[in-house]
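Colleague: So here's target_36.txt, just compact mmCIF, C-alpha atoms:
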```txt
# COMPACT_ATOMS: atom_id res chain seq x y z
CA MET A 1274 95.94 78.62 104.56
CA ASP A 1275 93.16 78.22 107.16
CA GLY A 1276 91.93 81.79 106.86
CA TRP A 1277 95.22 83.57 106.00
CA TYR A 1278 96.91 84.32 102.69
CA VAL A 1279 99.58 86.55 101.12
CA ASP A 1280 98.30 88.71 98.27
CA ASP A 1281 100.08 89.39 94.97
CA ARG A 1282 101.51 92.75 96.10
CA CYS A 1283 104.24 90.91 98.05
CA THR A 1284 107.73 92.08 97.05
CA ASN A 1285 109.57 89.20 98.77
CA CYS A 1286 111.31 91.61 101.17
CA ASP A 1287 111.68 88.94 103.90
CA VAL A 1288 110.26 91.14 106.69
CA ALA A 1289 107.35 88.82 107.48
CA ARG A 1290 109.59 85.74 107.47
CA GLN A 1291 111.91 87.37 110.00
CA LEU A 1292 109.03 87.83 112.42
CA ALA A 1293 107.17 84.56 111.87
CA PRO A 1294 109.74 82.12 110.42
CA ASP A 1295 107.79 79.03 111.48
CA LEU A 1296 104.57 80.24 109.84
CA ILE A 1297 105.69 82.07 106.69
CA VAL A 1298 108.10 80.73 104.07
CA GLU A 1299 109.40 81.79 100.68
CA ALA A 1300 107.86 80.09 97.64
CA ASP A 1301 107.97 81.11 93.98
CA GLY A 1302 109.56 84.46 94.74
CA LYS A 1303 107.17 85.64 97.46
CA SER A 1304 106.10 84.89 100.99
CA GLN A 1305 103.53 82.18 101.60
CA ILE A 1306 101.60 81.16 104.71
CA LEU A 1307 102.81 77.70 105.69
CA ARG A 1308 100.25 77.02 108.40
CA SER A 1309 98.03 78.74 110.93
CA PRO A 1310 99.23 79.63 114.43
CA ARG A 1311 98.96 76.85 117.01
CA ASP A 1312 99.11 78.96 120.16
CA GLU A 1313 99.05 82.53 121.40
CA ALA A 1314 102.79 83.05 120.93
CA GLU A 1315 102.53 82.08 117.26
CA THR A 1316 99.44 84.26 116.88
CA ARG A 1317 101.46 87.21 118.18
CA SER A 1318 104.32 86.50 115.78
CA LEU A 1319 101.93 86.30 112.82
CA HIS A 1320 100.36 89.63 113.74
CA ALA A 1321 103.82 91.18 114.07
CA ALA A 1322 104.42 90.09 110.47
CA VAL A 1323 101.04 91.52 109.44
CA PHE A 1324 101.76 94.97 110.86
CA ALA A 1325 105.38 95.10 109.66
CA CYS A 1326 104.70 94.06 106.06
CA PRO A 1327 105.31 97.13 103.86
CA THR A 1328 102.67 96.15 101.29
CA ARG A 1329 100.11 94.95 103.86
CA SER A 1330 100.03 91.69 101.91
CA ILE A 1331 99.26 89.30 104.78
CA ARG A 1332 95.50 89.14 104.93
CA MET A 1333 92.55 87.20 106.30
CA THR A 1334 90.13 85.49 103.95
CA SER A 1335 87.24 86.83 106.01
CA GLY A 1336 86.86 89.60 108.53
CA ARG A 1337 89.29 92.37 109.38
CA ILE A 1338 92.57 92.21 111.27
CA ASP A 1339 92.19 93.58 114.78
CA PRO A 1340 94.30 96.77 115.13
CA ALA A 1341 94.65 96.01 118.84
CA ARG A 1342 96.94 93.14 117.76
CA ASP A 1343 99.57 95.63 116.52
CA PRO A 1344 102.65 94.95 118.70
CA PHE A 1345 104.79 97.89 117.58
CA PRO A 1346 107.04 99.37 118.76
CA MET A 1347 108.15 95.91 119.88
CA VAL A 1348 110.80 95.31 122.53
CA LEU A 1349 113.85 93.39 121.30
CA ASP A 1350 116.11 94.07 124.28
CA ASP A 1351 116.36 96.39 127.25
CA GLY A 1352 116.39 99.83 125.62
CA LEU A 1353 115.96 98.53 122.06
CA LEU A 1354 112.73 98.40 120.08
CA LEU A 1355 111.71 97.47 116.56
CA CYS A 1356 109.52 100.17 115.00
CA GLY A 1357 107.58 97.90 112.62
CA HIS A 1358 105.29 99.35 109.94
CA ASN A 1359 108.00 99.08 107.31
CA SER A 1360 107.69 101.38 104.31
CA GLN A 1361 107.54 100.61 100.60
CA HIS A 1362 109.54 103.84 100.10
CA THR A 1363 112.53 102.33 101.92
CA ALA A 1364 112.21 98.96 100.16
CA GLY A 1365 110.67 97.54 103.33
CA ALA A 1366 113.64 98.32 105.58
CA ASN A 1367 113.55 97.69 109.31
CA SER A 1368 113.89 100.63 111.67
CA TYR A 1369 114.69 100.82 115.36
CA LEU A 1370 114.32 102.93 118.48
CA LEU A 1371 117.31 103.16 120.81
CA LEU A 1372 116.41 104.36 124.30
CA ARG A 1373 119.10 106.31 126.13
CA PRO A 1374 119.85 106.52 129.87
CA SER A 1375 118.81 110.20 129.82
CA GLY A 1376 115.22 109.20 129.03
CA THR A 1377 115.52 110.28 125.39
CA ALA A 1378 115.59 108.09 122.28
CA MET A 1379 117.17 107.87 118.84
CA MET A 1380 115.48 106.49 115.73
CA ILE A 1381 117.66 104.52 113.31
CA ASP A 1382 116.17 104.63 109.81
CA THR A 1383 112.42 105.09 109.66
CA PRO A 1384 109.11 103.25 109.36
CA ARG A 1385 106.40 104.51 107.02
CA TRP A 1386 105.37 108.06 107.84
CA SER A 1387 102.32 108.39 110.06
CA ARG A 1388 101.58 111.03 112.67
CA GLU A 1389 99.85 108.41 114.80
CA LEU A 1390 102.93 106.19 114.66
CA ALA A 1391 105.20 109.14 115.48
CA GLN A 1392 103.14 109.78 118.60
CA ARG A 1393 103.56 106.16 119.65
CA TYR A 1394 107.32 106.45 119.39
CA THR A 1395 107.54 109.72 121.32
CA ALA A 1396 105.46 108.19 124.10
CA LEU A 1397 108.64 106.27 124.97
CA GLY A 1398 110.66 109.47 125.38
CA PRO A 1399 111.70 112.54 123.37
CA VAL A 1400 113.45 111.49 120.14
CA THR A 1401 116.55 113.66 119.76
CA ASP A 1402 118.09 112.18 116.60
CA VAL A 1403 117.03 110.39 113.42
CA LEU A 1404 120.03 108.45 112.10
CA LEU A 1405 119.94 107.45 108.44
CA THR A 1406 122.22 104.59 107.49
CA HIS A 1407 122.20 105.45 103.77
CA ARG A 1408 120.27 106.93 100.86
CA ASP A 1409 117.85 104.01 100.33
CA HIS A 1410 116.30 104.58 103.76
CA ALA A 1411 116.01 108.38 103.68
CA ALA A 1412 112.41 108.70 102.43
CA HIS A 1413 110.69 109.64 105.70
CA GLY A 1414 113.61 111.05 107.64
CA ARG A 1415 112.63 114.70 107.35
CA HIS A 1416 109.01 114.05 108.34
CA TYR A 1417 110.02 112.22 111.50
CA ALA A 1418 112.80 114.66 112.41
CA ASP A 1419 110.45 117.63 112.04
CA HIS A 1420 107.73 115.95 114.09
CA PHE A 1421 110.18 115.05 116.85
CA GLY A 1422 112.15 118.31 116.70
CA ALA A 1423 115.15 116.04 116.20
CA ARG A 1424 118.42 116.26 114.29
CA LEU A 1425 118.54 114.36 111.00
CA TRP A 1426 121.89 112.68 110.21
CA ILE A 1427 123.30 111.34 106.94
CA HIS A 1428 126.73 110.92 105.37
CA GLU A 1429 127.93 113.40 102.76
CA GLY A 1430 128.23 110.58 100.22
CA ASP A 1431 124.45 110.19 100.22
CA LEU A 1432 123.57 113.81 101.01
CA ASP A 1433 121.58 114.30 97.81
CA ALA A 1434 119.02 111.85 99.25
CA ALA A 1435 118.51 114.12 102.30
CA PRO A 1436 119.90 117.53 101.32
CA ASP A 1437 118.15 119.21 104.26
CA ALA A 1438 119.86 117.02 106.86
CA ASP A 1439 120.81 118.88 110.04
CA GLN A 1440 124.03 116.93 110.62
CA VAL A 1441 126.32 115.72 107.85
CA ILE A 1442 128.89 113.02 108.58
CA ARG A 1443 132.04 113.62 106.53
CA GLY A 1444 135.02 111.49 105.62
CA LEU A 1445 135.83 108.05 106.99
CA ASP A 1446 136.60 108.75 110.64
CA PRO A 1447 134.14 107.72 113.38
CA VAL A 1448 131.86 110.53 114.56
CA GLY A 1449 130.24 110.82 117.99
CA ILE A 1450 126.46 111.17 117.84
CA GLY A 1451 125.79 111.22 121.55
CA GLU A 1452 127.02 109.53 124.71
CA GLY A 1453 127.74 105.90 123.84
CA VAL A 1454 126.69 106.23 120.18
CA THR A 1455 129.17 106.51 117.29
CA ALA A 1456 128.75 106.67 113.51
CA HIS A 1457 131.23 104.63 111.46
CA PRO A 1458 131.30 105.50 107.73
CA LEU A 1459 131.24 102.28 105.71
CA PRO A 1460 131.13 103.05 101.97
CA GLY A 1461 130.28 100.10 99.79
CA HIS A 1462 126.57 99.36 99.58
CA THR A 1463 126.25 103.05 98.74
CA ARG A 1464 128.88 105.77 98.73
CA GLY A 1465 127.50 107.22 101.94
CA SER A 1466 126.63 104.09 103.92
CA VAL A 1467 127.11 104.37 107.69
CA LEU A 1468 126.71 101.97 110.59
CA TYR A 1469 125.86 103.21 114.06
CA LEU A 1470 127.40 101.54 117.09
CA ALA A 1471 125.75 101.95 120.50
CA ASP A 1472 127.18 101.01 123.89
CA ASP A 1473 129.47 98.33 122.38
CA ARG A 1474 126.26 96.28 122.24
CA TYR A 1475 124.14 97.29 119.26
CA CYS A 1476 125.31 97.57 115.65
CA PHE A 1477 122.80 99.20 113.31
CA SER A 1478 124.38 98.05 110.06
CA GLY A 1479 121.98 99.46 107.46
CA ASP A 1480 122.43 97.39 104.32
CA SER A 1481 126.17 96.85 104.75
CA PHE A 1482 125.80 93.39 106.33
CA TYR A 1483 123.14 91.29 108.01
CA TRP A 1484 122.48 87.95 109.67
CA SER A 1485 121.46 85.28 107.17
CA ARG A 1486 119.13 82.49 108.29
CA ALA A 1487 120.22 80.55 105.21
CA THR A 1488 123.90 80.45 106.18
CA ALA A 1489 123.60 81.10 109.94
CA ASP A 1490 126.29 83.76 109.67
CA LEU A 1491 126.98 87.40 108.90
CA GLU A 1492 126.71 88.13 105.17
CA VAL A 1493 126.93 91.00 102.70
CA ALA A 1494 124.35 91.39 99.96
CA ASP A 1495 126.89 91.51 97.16
CA SER A 1496 124.17 91.06 94.53
CA VAL A 1497 122.54 94.28 95.75
CA THR A 1498 125.58 96.52 96.16
CA TRP A 1499 124.88 99.80 94.39
CA TYR A 1500 128.26 101.49 94.78
CA SER A 1501 131.19 99.06 95.05
CA ILE A 1502 131.77 95.64 96.57
CA GLU A 1503 135.51 96.37 96.52
CA GLU A 1504 134.93 99.50 98.60
CA LEU A 1505 132.78 97.53 101.00
CA ALA A 1506 135.61 95.03 101.44
CA ILE A 1507 138.02 97.90 102.20
CA SER A 1508 135.53 99.39 104.66
CA LEU A 1509 135.07 96.12 106.51
CA ALA A 1510 138.83 95.51 106.65
CA ARG A 1511 139.32 99.01 108.09
CA THR A 1512 136.62 98.76 110.75
CA ALA A 1513 136.22 95.06 111.66
CA GLY A 1514 138.99 95.14 114.25
CA ARG A 1515 137.66 98.21 116.05
CA LEU A 1516 133.97 97.30 116.25
CA ARG A 1517 132.61 95.36 119.20
CA PHE A 1518 128.94 94.52 119.56
CA GLU A 1519 126.52 91.73 120.46
CA TRP A 1520 123.51 92.57 118.27
CA VAL A 1521 123.56 93.02 114.50
CA LEU A 1522 120.51 95.09 113.54
CA PRO A 1523 120.29 95.55 109.76
CA GLY A 1524 117.84 97.36 107.54
CA HIS A 1525 117.37 94.27 105.40
CA GLY A 1526 118.08 90.73 106.52
CA ASP A 1527 117.67 89.23 109.94
CA ARG A 1528 118.69 90.43 113.38
CA HIS A 1529 120.84 88.27 115.64
CA ARG A 1530 122.60 88.31 119.00
CA LEU A 1531 125.85 86.57 119.91
CA ALA A 1532 128.51 87.03 122.58
CA GLY A 1533 130.78 89.95 121.73
CA ASP A 1534 133.88 87.81 121.11
CA GLU A 1535 131.97 85.49 118.77
CA MET A 1536 130.44 88.40 116.84
CA SER A 1537 133.88 90.02 116.48
CA HIS A 1538 135.29 86.77 115.09
CA ARG A 1539 132.45 86.47 112.59
CA LEU A 1540 132.86 90.08 111.49
CA ARG A 1541 136.56 89.58 110.82
CA SER A 1542 135.73 86.43 108.88
CA LEU A 1543 133.14 88.37 106.86
CA ALA A 1544 135.75 90.99 106.01
CA GLU A 1545 138.03 88.25 104.67
CA ARG A 1546 135.25 86.65 102.62
CA THR A 1547 134.15 89.98 101.19
CA ARG A 1548 137.70 90.68 100.03
CA MET A 1549 137.35 87.73 97.65
CA LEU A 1550 134.13 88.98 96.03
CA ARG A 1551 133.96 90.71 92.67
CA PRO A 1552 131.30 92.99 91.15
CA ARG A 1553 128.19 91.32 89.84
CA PRO A 1554 124.93 92.51 88.26
CA ILE A 1555 122.19 93.67 90.59
CA ASP A 1556 120.00 90.66 91.39
CA PHE A 1557 117.56 90.82 94.28
CA THR A 1558 116.70 87.14 93.87
CA ALA A 1559 120.26 86.10 94.71
CA VAL A 1560 120.25 87.38 98.31
CA ARG A 1561 120.61 84.56 100.83
CA TRP A 1562 118.06 85.56 103.45
```
Can you present the structure in this file as structure tokens?

Modeller:
Amino acid sequence: MDGWYVDDRCTNCDVARQLAPDLIVEADGKSQILRSPRDEAETRSLHAAVFACPTRSIRMTSGRIDPARDPFPMVLDDGLLLCGHNSQHTAGANSYLLLRPSGTAMMIDTPRWSRELAQRYTALGPVTDVLLTHRDHAAHGRHYADHFGARLWIHEGDLDAAPDADQVIRGLDPVGIGEGVTAHPLPGHTRGSVLYLADDRYCFSGDSFYWSRATADLEVADSVTWYSIEELAISLARTAGRLRFEWVLPGHGDRHRLAGDEMSHRLRSLAERTRMLRPRPIDFTAVRW
């Protein structure tokens, strides 16, 4: 469309549509350019989609994309950045940098591995911890942890995906990661799924739940639950009342911010809805992005 197209490597991961929802839509099981940008703000959002796309499928019909247009790491909030450069080896998952008052940072899940990217992230402050939410997002954890000299965290339920992790979260009780940051085990999507809560403001939910643009609410991807939807319902019932946050920041699915009371209400409602779900075959096409 007017000089832009999506090539046939697209895996319909939704990353590009999160970043440029007015310009990129889903059609026939993949992303499609709806129209060209009309102003500089839309041009920036399209380039964010370009540089986040894990298959590099958003392309120009002529010429090359200017690397100076790469916006990542991209500020989402004070002390919160989106890493971009999503990886095919994590199914295109989003990853984040959480800046701490000490001047250090934590990385939650990982972008594709690149030394040049790692140097960009450390320019914001020493990264002390790489927090993996679950096994599906573990592919580059060791590379980034070693480059940063950071601790690599994962839950014991998914330890075989990162057997050389420095810190292993065990059981179901919350675990302190650092000042203001807590790991909450949430088995369901996988046996070792974890969400990380920071400053009663940010919830890094992995693939346990996400914000759906289709329903304008918190949702679980019950059609892509590898371990047990019943266990996920139990996990949400156990934790929904104790979690307070404003931002939901998932690996897959959209990000969203609401007032803390409203987000707490929606999380409790999600726990109730999930309790009614039953196992179903894995079906990526059934996710309500």

Colleague: I'd like the neighbourhood of Phe1477 (chain A) as a list of chain:residue names, where a residue qualifies if any of its atoms comes within 7 Å (using only C-alpha atoms), though same-chain residues fewer than 4 positions away should be ignored.

Modeller: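 Near neighbours after the sequence-gap exclusion: A:Leu1468, A:Tyr1469, A:Leu1470, A:Val1521, A:Leu1522, A:Pro1523.
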
Colleague: Determine the nearest neighbour of Ser1335 (chain A) from the options A:Arg1486, A:Asp1382, A:Tyr1278, A:His1529, counting all atoms listed in the file.

Modeller: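 Of the candidates, the smallest distance to Ser1335 (chain A) is held by A:Tyr1278.
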
Colleague: Please, which residues are within 10 Å of (103.9, 99.1, 103.3) by the file's coordinates, counting all atoms listed in the file, and could they come as JSON, numbers by chain?

Modeller: {"A": [1282, 1283, 1324, 1325, 1326, 1327, 1328, 1329, 1330, 1358, 1359, 1360, 1361, 1362, 1363, 1364, 1365, 1384, 1385]}

Colleague: Give me the residues within 8 Å of Trp1386 (chain A) as a count of residues only, counting only C-alpha atoms and dropping any in the same chain fewer than 5 places off.

Modeller: 5

Colleague: Looking at A:Ala1513, A:Ala1321, A:Cys1476, A:Val1560, which one is nearest to Leu1543 (chain A), with distances taken over all atoms listed in the file?

Modeller: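 Ranked by minimum distance to Leu1543 (chain A), first place goes to A:Ala1513.
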
Colleague: Enter the distance from CA of Cys1356 (chain A) to CA of Ser1304 (chain A), in Å, rounded to one decimal.

Modeller: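 That distance, rounded to one decimal, is 21.0 Å.
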
Colleague: Pro1458 (chain A): which residues within 7 Å, counting all atoms listed in the file, same-chain residues fewer than 6 positions away excluded, as a list in words?

Modeller: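 The filter keeps Leu1445, Asp1446, Pro1447, Ser1466, Val1467 and Leu1468 of chain A.
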
Colleague: In the coordinates of the file, take the point (132.5, 117.2, 103.3) and a cut-off of 7 Å; then, counting all atoms listed in the file, name each qualifying protein, DNA or RNA residue as a PDB file with C-alpha atoms, in the frame of the given file.

Modeller:
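The new file result23.pdb reads:
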```pdb
ATOM      1  CA  GLU A1429     127.930 113.400 102.760  1.00  0.00           C
ATOM      2  CA  ARG A1443     132.040 113.620 106.530  1.00  0.00           C
ATOM      3  CA  GLY A1444     135.020 111.490 105.620  1.00  0.00           C
TER       4      GLY A1444
END
```
